[in-house]
$ cat start-v6.cif   # mmCIF, C-alpha atoms
data_upload
#
loop_
_atom_site.label_atom_id
_atom_site.label_comp_id
_atom_site.auth_asym_id
_atom_site.auth_seq_id
_atom_site.Cartn_x
_atom_site.Cartn_y
_atom_site.Cartn_z
CA PHE A 1331 28.09 -11.36 13.11
CA VAL A 1332 29.98 -11.31 16.41
CA SER A 1333 32.75 -13.51 14.99
CA ALA A 1334 33.02 -11.04 12.11
CA GLY A 1335 33.63 -8.20 14.55
CA ALA A 1336 30.17 -6.92 15.51
CA ASP A 1337 29.36 -5.96 19.09
CA ASN A 1338 26.65 -7.94 20.84
CA ILE A 1339 24.58 -5.40 22.79
CA SER A 1340 21.18 -5.45 24.46
CA TRP A 1341 18.04 -4.10 22.84
CA GLY A 1342 17.94 -1.19 25.27
CA ASP A 1343 21.56 -0.22 24.57
CA TRP A 1344 21.01 -0.27 20.79
CA PHE A 1345 17.79 1.67 21.12
CA ALA A 1346 19.46 4.45 23.09
CA CYS A 1347 22.89 4.48 21.45
CA ASN A 1348 22.23 7.87 19.84
CA GLY A 1349 21.52 9.59 23.13
CA ASN A 1350 18.42 11.76 23.31
CA ASN A 1351 17.95 12.25 19.57
CA ASP A 1352 14.15 11.95 19.33
CA ARG A 1353 14.14 11.38 15.58
CA SER A 1354 16.69 8.58 15.83
CA MET A 1355 14.66 6.94 18.58
CA PHE A 1356 11.54 7.16 16.43
CA VAL A 1357 13.33 5.60 13.43
CA ARG A 1358 14.47 2.70 15.60
CA GLU A 1359 10.93 2.17 16.87
CA GLN A 1360 9.68 2.12 13.29
CA LEU A 1361 12.38 -0.36 12.25
CA ALA A 1362 11.28 -2.72 15.00
CA GLN A 1363 7.73 -2.74 13.61
CA THR A 1364 8.50 -2.92 9.88
CA ASP A 1365 7.98 -6.07 7.80
CA GLY A 1366 8.65 -4.89 4.24
CA PHE A 1367 12.28 -4.56 3.20
CA PHE A 1368 11.70 -1.36 1.20
CA ALA A 1369 10.40 0.36 4.34
CA ALA A 1370 13.39 -1.01 6.27
CA GLN A 1371 15.78 0.35 3.63
CA ILE A 1372 14.17 3.78 3.78
CA LEU A 1373 14.31 3.86 7.58
CA THR A 1374 17.93 2.68 7.64
CA ARG A 1375 18.86 5.57 5.36
CA GLN A 1376 17.15 7.98 7.75
CA LEU A 1377 19.09 6.47 10.64
CA ALA A 1378 22.24 7.19 8.62
CA GLY A 1379 21.28 10.86 8.35
CA TYR A 1380 20.01 11.12 4.77
CA PHE A 1381 17.12 13.44 5.70
CA GLU A 1382 19.40 15.80 7.62
CA ARG A 1383 21.83 15.91 4.70
CA ASP A 1384 19.07 16.88 2.28
CA ILE A 1385 17.85 19.61 4.62
CA GLU A 1386 21.37 21.01 5.06
CA GLN A 1387 21.86 21.02 1.29
CA VAL A 1388 18.77 23.21 0.84
CA LYS A 1389 19.73 25.47 3.75
CA GLU A 1390 23.17 26.05 2.26
CA VAL A 1391 21.53 27.35 -0.93
CA LEU A 1392 19.24 29.65 1.04
CA CYS A 1393 22.08 30.99 3.18
CA SER A 1394 24.50 31.55 0.31
CA SER A 1395 25.41 35.20 -0.23
CA GLN A 1396 25.43 34.64 -3.99
CA LYS A 1397 22.03 33.74 -5.39
CA SER A 1398 22.07 31.33 -8.33
CA LEU A 1399 19.38 29.90 -10.58
CA ASP A 1400 21.33 26.64 -10.89
CA LYS A 1401 21.57 26.29 -7.11
CA LEU A 1402 17.87 27.07 -6.84
CA LYS A 1403 16.99 24.25 -9.27
CA VAL A 1404 19.09 21.78 -7.27
CA ALA A 1405 17.40 22.81 -4.01
CA GLU A 1406 13.94 22.66 -5.58
CA ALA A 1407 14.63 19.14 -6.85
CA VAL A 1408 15.54 18.06 -3.31
CA ILE A 1409 12.41 19.63 -1.82
CA ASN A 1410 10.18 18.15 -4.54
CA ARG A 1411 11.61 14.70 -3.85
CA LEU A 1412 11.05 15.09 -0.11
CA GLU A 1413 7.46 16.22 -0.66
CA CYS A 1414 6.82 13.32 -3.04
CA SER A 1415 8.06 10.77 -0.49
CA ALA A 1416 6.32 12.25 2.56
CA ARG A 1417 3.00 10.37 2.16
CA ILE A 1418 4.77 7.01 2.29
CA GLY A 1419 7.31 8.12 4.88
CA MET A 1420 4.55 8.95 7.35
CA ARG A 1421 3.32 5.33 7.37
CA LEU A 1422 6.35 3.10 6.82
CA ALA A 1423 5.60 0.79 9.76
CA LYS A 1424 1.91 0.53 8.89
CA PRO A 1425 1.04 -2.22 6.39
CA TRP A 1426 -1.31 -1.50 3.51
CA HIS A 1427 -4.81 -2.95 3.87
CA VAL A 1428 -6.11 -4.66 0.72
CA ILE A 1429 -9.59 -6.17 1.02
CA LEU A 1430 -11.10 -8.79 -1.29
CA LEU A 1431 -14.79 -8.29 -2.01
CA GLY A 1432 -16.95 -10.35 -4.33
CA PRO A 1433 -19.87 -12.74 -4.72
CA VAL A 1434 -20.05 -16.10 -2.99
CA ASN A 1435 -17.79 -18.81 -4.43
CA ALA A 1436 -15.83 -16.27 -6.53
CA GLY A 1437 -12.44 -17.68 -5.56
CA LYS A 1438 -11.45 -14.95 -3.10
CA SER A 1439 -9.98 -17.37 -0.56
CA SER A 1440 -8.09 -19.30 -3.25
CA LEU A 1441 -6.70 -16.03 -4.62
CA LEU A 1442 -5.58 -14.93 -1.15
CA ASN A 1443 -3.88 -18.27 -0.53
CA ALA A 1444 -2.11 -18.05 -3.89
CA LEU A 1445 -0.82 -14.55 -3.13
CA ALA A 1446 0.24 -15.55 0.38
CA GLY A 1447 1.96 -18.73 -0.80
CA TYR A 1448 0.23 -20.97 1.73
CA ALA A 1449 -3.26 -22.05 2.77
CA ARG A 1450 -4.37 -19.22 5.07
CA SER A 1451 -8.07 -19.25 4.17
CA ILE A 1452 -10.27 -22.33 4.05
CA VAL A 1453 -11.19 -23.22 0.46
CA SER A 1454 -14.33 -25.17 -0.40
CA PRO A 1455 -16.50 -25.71 -3.49
CA HIS A 1456 -19.50 -24.81 -1.33
CA ALA A 1457 -20.59 -21.19 -1.41
CA GLY A 1458 -20.41 -19.17 1.81
CA THR A 1459 -17.44 -20.97 3.40
CA THR A 1460 -15.86 -17.70 4.55
CA ARG A 1461 -18.06 -16.16 7.23
CA ASP A 1462 -15.74 -13.62 8.88
CA VAL A 1463 -13.02 -11.10 8.08
CA LEU A 1464 -9.62 -12.80 7.92
CA GLU A 1465 -6.32 -10.88 7.66
CA THR A 1466 -3.08 -12.28 6.26
CA ARG A 1467 0.24 -10.37 6.37
CA VAL A 1468 2.34 -10.74 3.21
CA VAL A 1469 5.22 -8.83 1.63
CA LEU A 1470 4.57 -7.88 -2.01
CA HIS A 1471 7.45 -6.40 -3.99
CA GLY A 1472 9.08 -5.44 -0.69
CA TRP A 1473 6.03 -3.75 0.86
CA ALA A 1474 4.04 -5.12 3.81
CA VAL A 1475 0.40 -5.75 2.90
CA ASP A 1476 -2.49 -7.14 4.93
CA LEU A 1477 -4.74 -9.13 2.58
CA ILE A 1478 -8.27 -9.28 3.98
CA ASP A 1479 -10.57 -12.14 3.00
CA THR A 1480 -14.29 -11.59 3.48
CA ALA A 1481 -17.67 -13.26 3.27
CA GLY A 1482 -19.15 -13.46 -0.22
CA PHE A 1483 -22.10 -11.36 -1.36
CA HIS A 1484 -25.21 -12.83 -2.94
CA LEU A 1485 -26.46 -11.24 -6.16
CA GLU A 1486 -28.70 -8.26 -5.49
CA ASN A 1487 -32.44 -9.03 -5.75
CA ASN A 1488 -31.70 -12.76 -5.82
CA SER A 1489 -34.74 -14.23 -4.13
CA GLN A 1490 -33.71 -17.82 -4.82
CA GLN A 1491 -30.61 -17.71 -2.63
CA SER A 1492 -30.77 -15.40 0.35
CA ALA A 1493 -27.94 -15.15 2.85
CA SER A 1494 -28.23 -16.76 6.26
CA LYS A 1495 -28.06 -14.68 9.45
CA ILE A 1496 -24.38 -15.59 9.94
CA GLU A 1497 -23.55 -14.77 6.33
CA LYS A 1498 -25.31 -11.40 6.63
CA GLU A 1499 -23.21 -10.62 9.69
CA GLY A 1500 -20.09 -11.56 7.73
CA ILE A 1501 -21.12 -9.28 4.85
CA GLU A 1502 -21.70 -6.37 7.25
CA ARG A 1503 -18.24 -6.91 8.72
CA ALA A 1504 -16.78 -6.94 5.22
CA LEU A 1505 -18.38 -3.57 4.43
CA VAL A 1506 -17.08 -2.08 7.69
CA ALA A 1507 -13.56 -3.38 7.00
CA ALA A 1508 -13.67 -1.97 3.46
CA GLN A 1509 -14.27 1.55 4.82
CA SER A 1510 -10.79 1.64 6.36
CA ALA A 1511 -9.01 -0.30 3.60
CA ASP A 1512 -6.43 1.28 1.30
CA LEU A 1513 -7.51 -0.75 -1.74
CA ILE A 1514 -10.40 -2.97 -2.81
CA LEU A 1515 -9.94 -6.03 -5.02
CA LYS A 1516 -13.35 -6.45 -6.66
CA VAL A 1517 -13.26 -10.18 -7.37
CA ARG A 1518 -15.56 -12.08 -9.72
CA PRO A 1519 -15.16 -15.46 -11.48
CA MET A 1520 -14.31 -15.34 -15.17
CA ASN A 1521 -16.51 -18.33 -15.98
CA GLU A 1522 -19.74 -16.62 -14.97
CA THR A 1523 -21.74 -13.85 -16.58
CA GLU A 1524 -20.84 -10.46 -15.15
CA MET A 1525 -23.66 -9.32 -12.89
CA GLU A 1526 -23.83 -6.69 -10.18
CA TRP A 1527 -23.44 -8.31 -6.76
CA VAL A 1528 -22.99 -5.18 -4.68
CA SER A 1529 -22.71 -1.44 -5.19
CA LEU A 1530 -19.49 -0.06 -3.74
CA GLU A 1531 -21.55 2.89 -2.54
CA LYS A 1532 -22.52 0.59 0.33
CA VAL A 1533 -18.91 0.89 1.53
CA GLY A 1534 -19.36 4.64 1.93
CA GLU A 1535 -19.41 7.88 0.00
CA SER A 1536 -15.63 7.89 -0.50
CA TYR A 1537 -14.58 4.28 -0.89
CA PRO A 1538 -10.93 3.28 -1.56
CA PRO A 1539 -9.44 2.74 -5.03
CA CYS A 1540 -10.64 -0.44 -6.70
CA ILE A 1541 -9.02 -3.08 -8.94
CA ASN A 1542 -11.23 -5.49 -10.92
CA VAL A 1543 -9.92 -9.04 -10.63
CA GLY A 1544 -11.16 -12.00 -12.66
CA THR A 1545 -10.61 -15.44 -11.11
CA LYS A 1546 -10.79 -19.09 -12.26
CA ALA A 1547 -9.25 -18.26 -15.67
CA ASP A 1548 -8.06 -21.87 -16.00
CA LEU A 1549 -11.60 -23.26 -16.36
CA PRO A 1550 -12.51 -24.40 -19.90
CA ASP A 1551 -15.47 -22.08 -20.45
CA THR A 1552 -13.63 -18.93 -19.33
CA LYS A 1553 -12.62 -17.62 -22.77
CA GLN A 1554 -16.21 -17.34 -23.98
CA PHE A 1555 -17.37 -15.46 -20.87
CA LYS A 1556 -14.31 -13.21 -20.92
CA ARG A 1557 -14.93 -12.25 -24.54
CA ASN A 1558 -18.62 -11.58 -24.10
CA SER A 1559 -19.13 -10.16 -20.65
CA HIS A 1560 -16.05 -9.07 -18.72
CA SER A 1561 -14.55 -5.60 -18.59
CA GLU A 1562 -11.29 -4.91 -20.37
CA ASP A 1563 -9.60 -3.51 -17.26
CA SER A 1564 -9.90 -6.72 -15.23
CA VAL A 1565 -6.69 -8.45 -14.12
CA VAL A 1566 -7.26 -12.06 -15.17
CA THR A 1567 -5.97 -14.65 -12.69
CA SER A 1568 -5.93 -18.33 -11.86
CA ALA A 1569 -5.07 -19.38 -8.33
CA ARG A 1570 -4.51 -22.94 -9.54
CA THR A 1571 -2.00 -22.19 -12.34
CA GLY A 1572 -0.62 -18.87 -11.08
CA LEU A 1573 -1.76 -17.03 -14.21
CA GLY A 1574 -1.86 -13.26 -13.73
CA LEU A 1575 -0.66 -13.26 -10.11
CA ASP A 1576 2.58 -11.37 -10.87
CA LYS A 1577 0.63 -8.78 -12.85
CA LEU A 1578 -1.90 -8.44 -10.05
CA VAL A 1579 0.84 -7.85 -7.48
CA LYS A 1580 2.39 -5.21 -9.75
CA VAL A 1581 -0.95 -3.43 -10.19
CA ILE A 1582 -1.64 -3.58 -6.44
CA ILE A 1583 1.70 -1.96 -5.53
CA GLU A 1584 1.52 0.67 -8.28
CA THR A 1585 -2.01 1.59 -7.13
CA LEU A 1586 -1.04 1.79 -3.47
CA ILE A 1587 2.28 3.57 -4.09
CA PRO A 1588 2.01 5.52 -7.37
CA GLU A 1589 5.06 7.54 -6.30
CA ILE A 1590 7.20 4.61 -7.48
CA LYS A 1591 6.20 5.34 -11.09
CA GLU A 1592 5.78 9.09 -10.83
CA GLN A 1593 9.21 9.77 -9.31
CA ALA A 1594 11.31 6.62 -9.12
CA ASP A 1595 14.09 8.23 -7.07
CA CYS A 1596 11.89 9.76 -4.36
CA PHE A 1597 12.82 7.14 -1.73
CA ILE A 1598 16.58 6.84 -2.29
CA GLY A 1599 17.54 9.83 -0.11
CA GLY A 1600 15.96 11.64 2.78
CA VAL A 1601 12.30 10.90 3.53
CA PRO A 1602 10.07 12.81 5.98
CA ILE A 1603 8.81 10.35 8.57
CA THR A 1604 7.26 12.62 11.20
CA SER A 1605 4.92 15.61 11.17
CA GLU A 1606 7.90 17.71 12.30
CA ASP A 1607 9.87 16.56 9.24
CA ARG A 1608 6.97 17.50 7.00
CA ASP A 1609 6.76 20.96 8.59
CA VAL A 1610 10.48 21.52 8.01
CA VAL A 1611 10.11 20.63 4.33
CA LYS A 1612 7.06 22.88 3.97
CA ASP A 1613 8.90 25.81 5.56
CA LEU A 1614 11.94 25.35 3.29
CA HIS A 1615 9.64 25.18 0.25
CA GLN A 1616 8.19 28.56 1.19
CA GLN A 1617 11.67 30.00 1.67
CA LEU A 1618 12.69 28.74 -1.76
CA GLU A 1619 9.70 30.50 -3.30
CA ILE A 1620 10.87 33.77 -1.74
CA TYR A 1621 14.42 33.04 -2.93
CA SER A 1622 13.09 32.50 -6.45
CA ARG A 1623 11.20 35.81 -6.49
CA ASP A 1624 14.34 37.66 -5.40
CA LEU A 1625 16.47 36.33 -8.25
#
$ encode --input "start-v6.cif" --output "structure tokens"
Amino acid sequence: FVSAGADNISWGDWFACNGNNDRSMFVREQLAQTDGFFAAQILTRQLAGYFERDIEQVKEVLCSSQKSLDKLKVAEAVINRLECSARIGMRLAKPWHVILLGPVNAGKSSLLNALAGYARSIVSPHAGTTRDVLETRVVLHGWAVDLIDTAGFHLENNSQQSASKIEKEGIERALVAAQSADLILKVRPMNETEMEWVSLEKVGESYPPCINVGTKADLPDTKQFKRNSHSEDSVVTSARTGLGLDKLVKVIIETLIPEIKEQADCFIGGVPITSEDRDVVKDLHQQLEIYSRDL
């Protein structure tokens, strides 16, 4: 970069190169903590002044001496886009937390390893190998996600196979971690009859969104069990062959960030990234409502 003409400056100099602009300083702090490239793109646009440009565009409409319905529609579109992007903008440097819950030996660790692209969790044919909560940072479709592997649950009212003291502690930790997660992957093997292993009400009264994930789809007896006993909304996967992993990633991101489908352009311009930004957008929205009534 230097040989191409870039200046080589210290971290402190780069951090403070915009003087005392608090918003610029905050954007730079966020950039330093961001893993996903979509978040980095959004923050880079804010550093380039995209949010300020959007705000000025709306203010120009409000301050114009000649009121116009066409100008109002343009300003409303800008404000709607800013409001749509605010939820994501407020947490760009914070990865999404996706927790895998399921019965013992359901293939949770294998699924996590397949999504991560390397062996992060220990995989064993013996049930109960995972005893603690294990986080793995990955980037899925450009968004930073912490995948959280957990201890497996035993079937409820199963007197033949009760959990050990260590396993019970692992299960309790899994339930605690699920309370603060953004999304639950409810994992169960496709080659076993669907049975209730845990009620998500144990996570809490308002548990996160949930995606049903079927694993071990490559096993020979899977088709029969899938046809007879598994729900239609399950994302069918195989950690060994890679079947369904791309679809699962797509469903995960669309569940975490539905704004991508609802308003595809909401992140291409200005994005509120602070509570002050959000207040500015809210105030302008109210002013536009008054402007509309006066037309």
$ residues_around --input "start-v6.cif" --residues "A:Leu1442" --least-positions-apart "4" --cutoff "7 Å" --atoms "only C-alpha atoms" --output "ChimeraX atom specification"
/A:1438,1446,1477
$ closest_residue --input "start-v6.cif" --among "A:Thr1604, A:Ser1333, A:Thr1466, A:Gln1617" --to "A:Gln1360" --atoms "only C-alpha atoms"
A:Thr1604
$ closest_atom_pairs --input "start-v6.cif" --of "stretch 1391-1475 of chain A" --to "stretch 1579-1596 of chain A" --cutoff "9 Å" --atoms "only C-alpha atoms" --output "Markdown table"
| residue | atom | partner | partner_atom | distance |
| --- | --- | --- | --- | --- |
| A:Asn1410 | CA | A:Cys1596 | CA | 8.6 |
| A:Arg1411 | CA | A:Cys1596 | CA | 5.0 |
| A:Leu1412 | CA | A:Cys1596 | CA | 6.9 |
| A:Glu1413 | CA | A:Cys1596 | CA | 8.7 |
| A:Cys1414 | CA | A:Cys1596 | CA | 6.3 |
| A:Ser1415 | CA | A:Cys1596 | CA | 5.5 |
| A:Ile1418 | CA | A:Ile1587 | CA | 7.7 |
| A:Trp1426 | CA | A:Leu1586 | CA | 7.7 |
| A:Val1428 | CA | A:Ile1582 | CA | 8.5 |
| A:Leu1445 | CA | A:Val1579 | CA | 8.2 |
| A:Leu1470 | CA | A:Val1579 | CA | 6.6 |
| A:His1471 | CA | A:Ile1583 | CA | 7.4 |
| A:Trp1473 | CA | A:Ile1583 | CA | 7.9 |
$ resolve_selection --input "start-v6.cif" --expression "the PyMOL selection byres ((chain A and resi 1463) around 7)" --output "PDB file with C-alpha atoms, in the frame of the given file"
ATOM      1  CA  ASP A1462     -15.740 -13.620   8.880  1.00  0.00           C
ATOM      2  CA  LEU A1464      -9.620 -12.800   7.920  1.00  0.00           C
ATOM      3  CA  GLU A1465      -6.320 -10.880   7.660  1.00  0.00           C
ATOM      4  CA  ILE A1478      -8.270  -9.280   3.980  1.00  0.00           C
ATOM      5  CA  ASP A1479     -10.570 -12.140   3.000  1.00  0.00           C
ATOM      6  CA  THR A1480     -14.290 -11.590   3.480  1.00  0.00           C
ATOM      7  CA  ARG A1503     -18.240  -6.910   8.720  1.00  0.00           C
ATOM      8  CA  ALA A1504     -16.780  -6.940   5.220  1.00  0.00           C
TER       9      ALA A1504
END
$ residues_around --input "start-v6.cif" --residues "A:Thr1567" --least-positions-apart "3" --cutoff "12 Å" --atoms "only C-alpha atoms" --output "count of residues only"
34
$ atom_distance --input "start-v6.cif" --atom1 "atom CA of A:Asp1512" --atom2 "atom CA of A:Ala1407"
28.8 Å
$ atom_distance --input "start-v6.cif" --atom1 "atom CA of A:Leu1505" --atom2 "atom CA of A:Asn1435"
17.6 Å
$ atom_distance --input "start-v6.cif" --atom1 "atom CA of A:Ala1416" --atom2 "atom CA of A:Leu1377"
16.2 Å
$ residues_around --input "start-v6.cif" --residues "A:Phe1381" --least-positions-apart "5" --cutoff "8 Å" --atoms "only C-alpha atoms" --output "compact mmCIF listing (two decimals) with C-alpha atoms, keeping the file's coordinate frame"
# COMPACT_ATOMS: atom_id res chain seq x y z
CA GLN A 1376 17.15 7.98 7.75
CA GLY A 1599 17.54 9.83 -0.11
CA GLY A 1600 15.96 11.64 2.78
CA VAL A 1601 12.30 10.90 3.53
CA PRO A 1602 10.07 12.81 5.98
$ resolve_selection --input "start-v6.cif" --expression "the PyMOL selection byres ((chain A and resi 1386-1400) around 9)" --output "list in words"
Phe1381, Glu1382, Arg1383, Asp1384, Ile1385, Lys1401, Leu1402, Lys1403, Val1404, Ala1405, Glu1406, Val1408, Ile1409, Leu1614, Gln1617, Leu1618, Tyr1621, Ser1622, Asp1624 and Leu1625 of chain A
$ axis_aligned_box --input "start-v6.cif" --around "stretch 1431-1440 of chain A" --padding-each-side "6 Å" --output "lines of an AutoDock Vina configuration file"
center_x = -14.1
center_y = -13.8
center_z = -3.5
size_x = 24.0
size_y = 23.0
size_z = 18.0
$ closest_residue --input "start-v6.cif" --among "A:Ile1514, A:Val1506, A:Ile1603, A:Val1332" --to "A:Arg1358" --atoms "only C-alpha atoms"
A:Ile1603
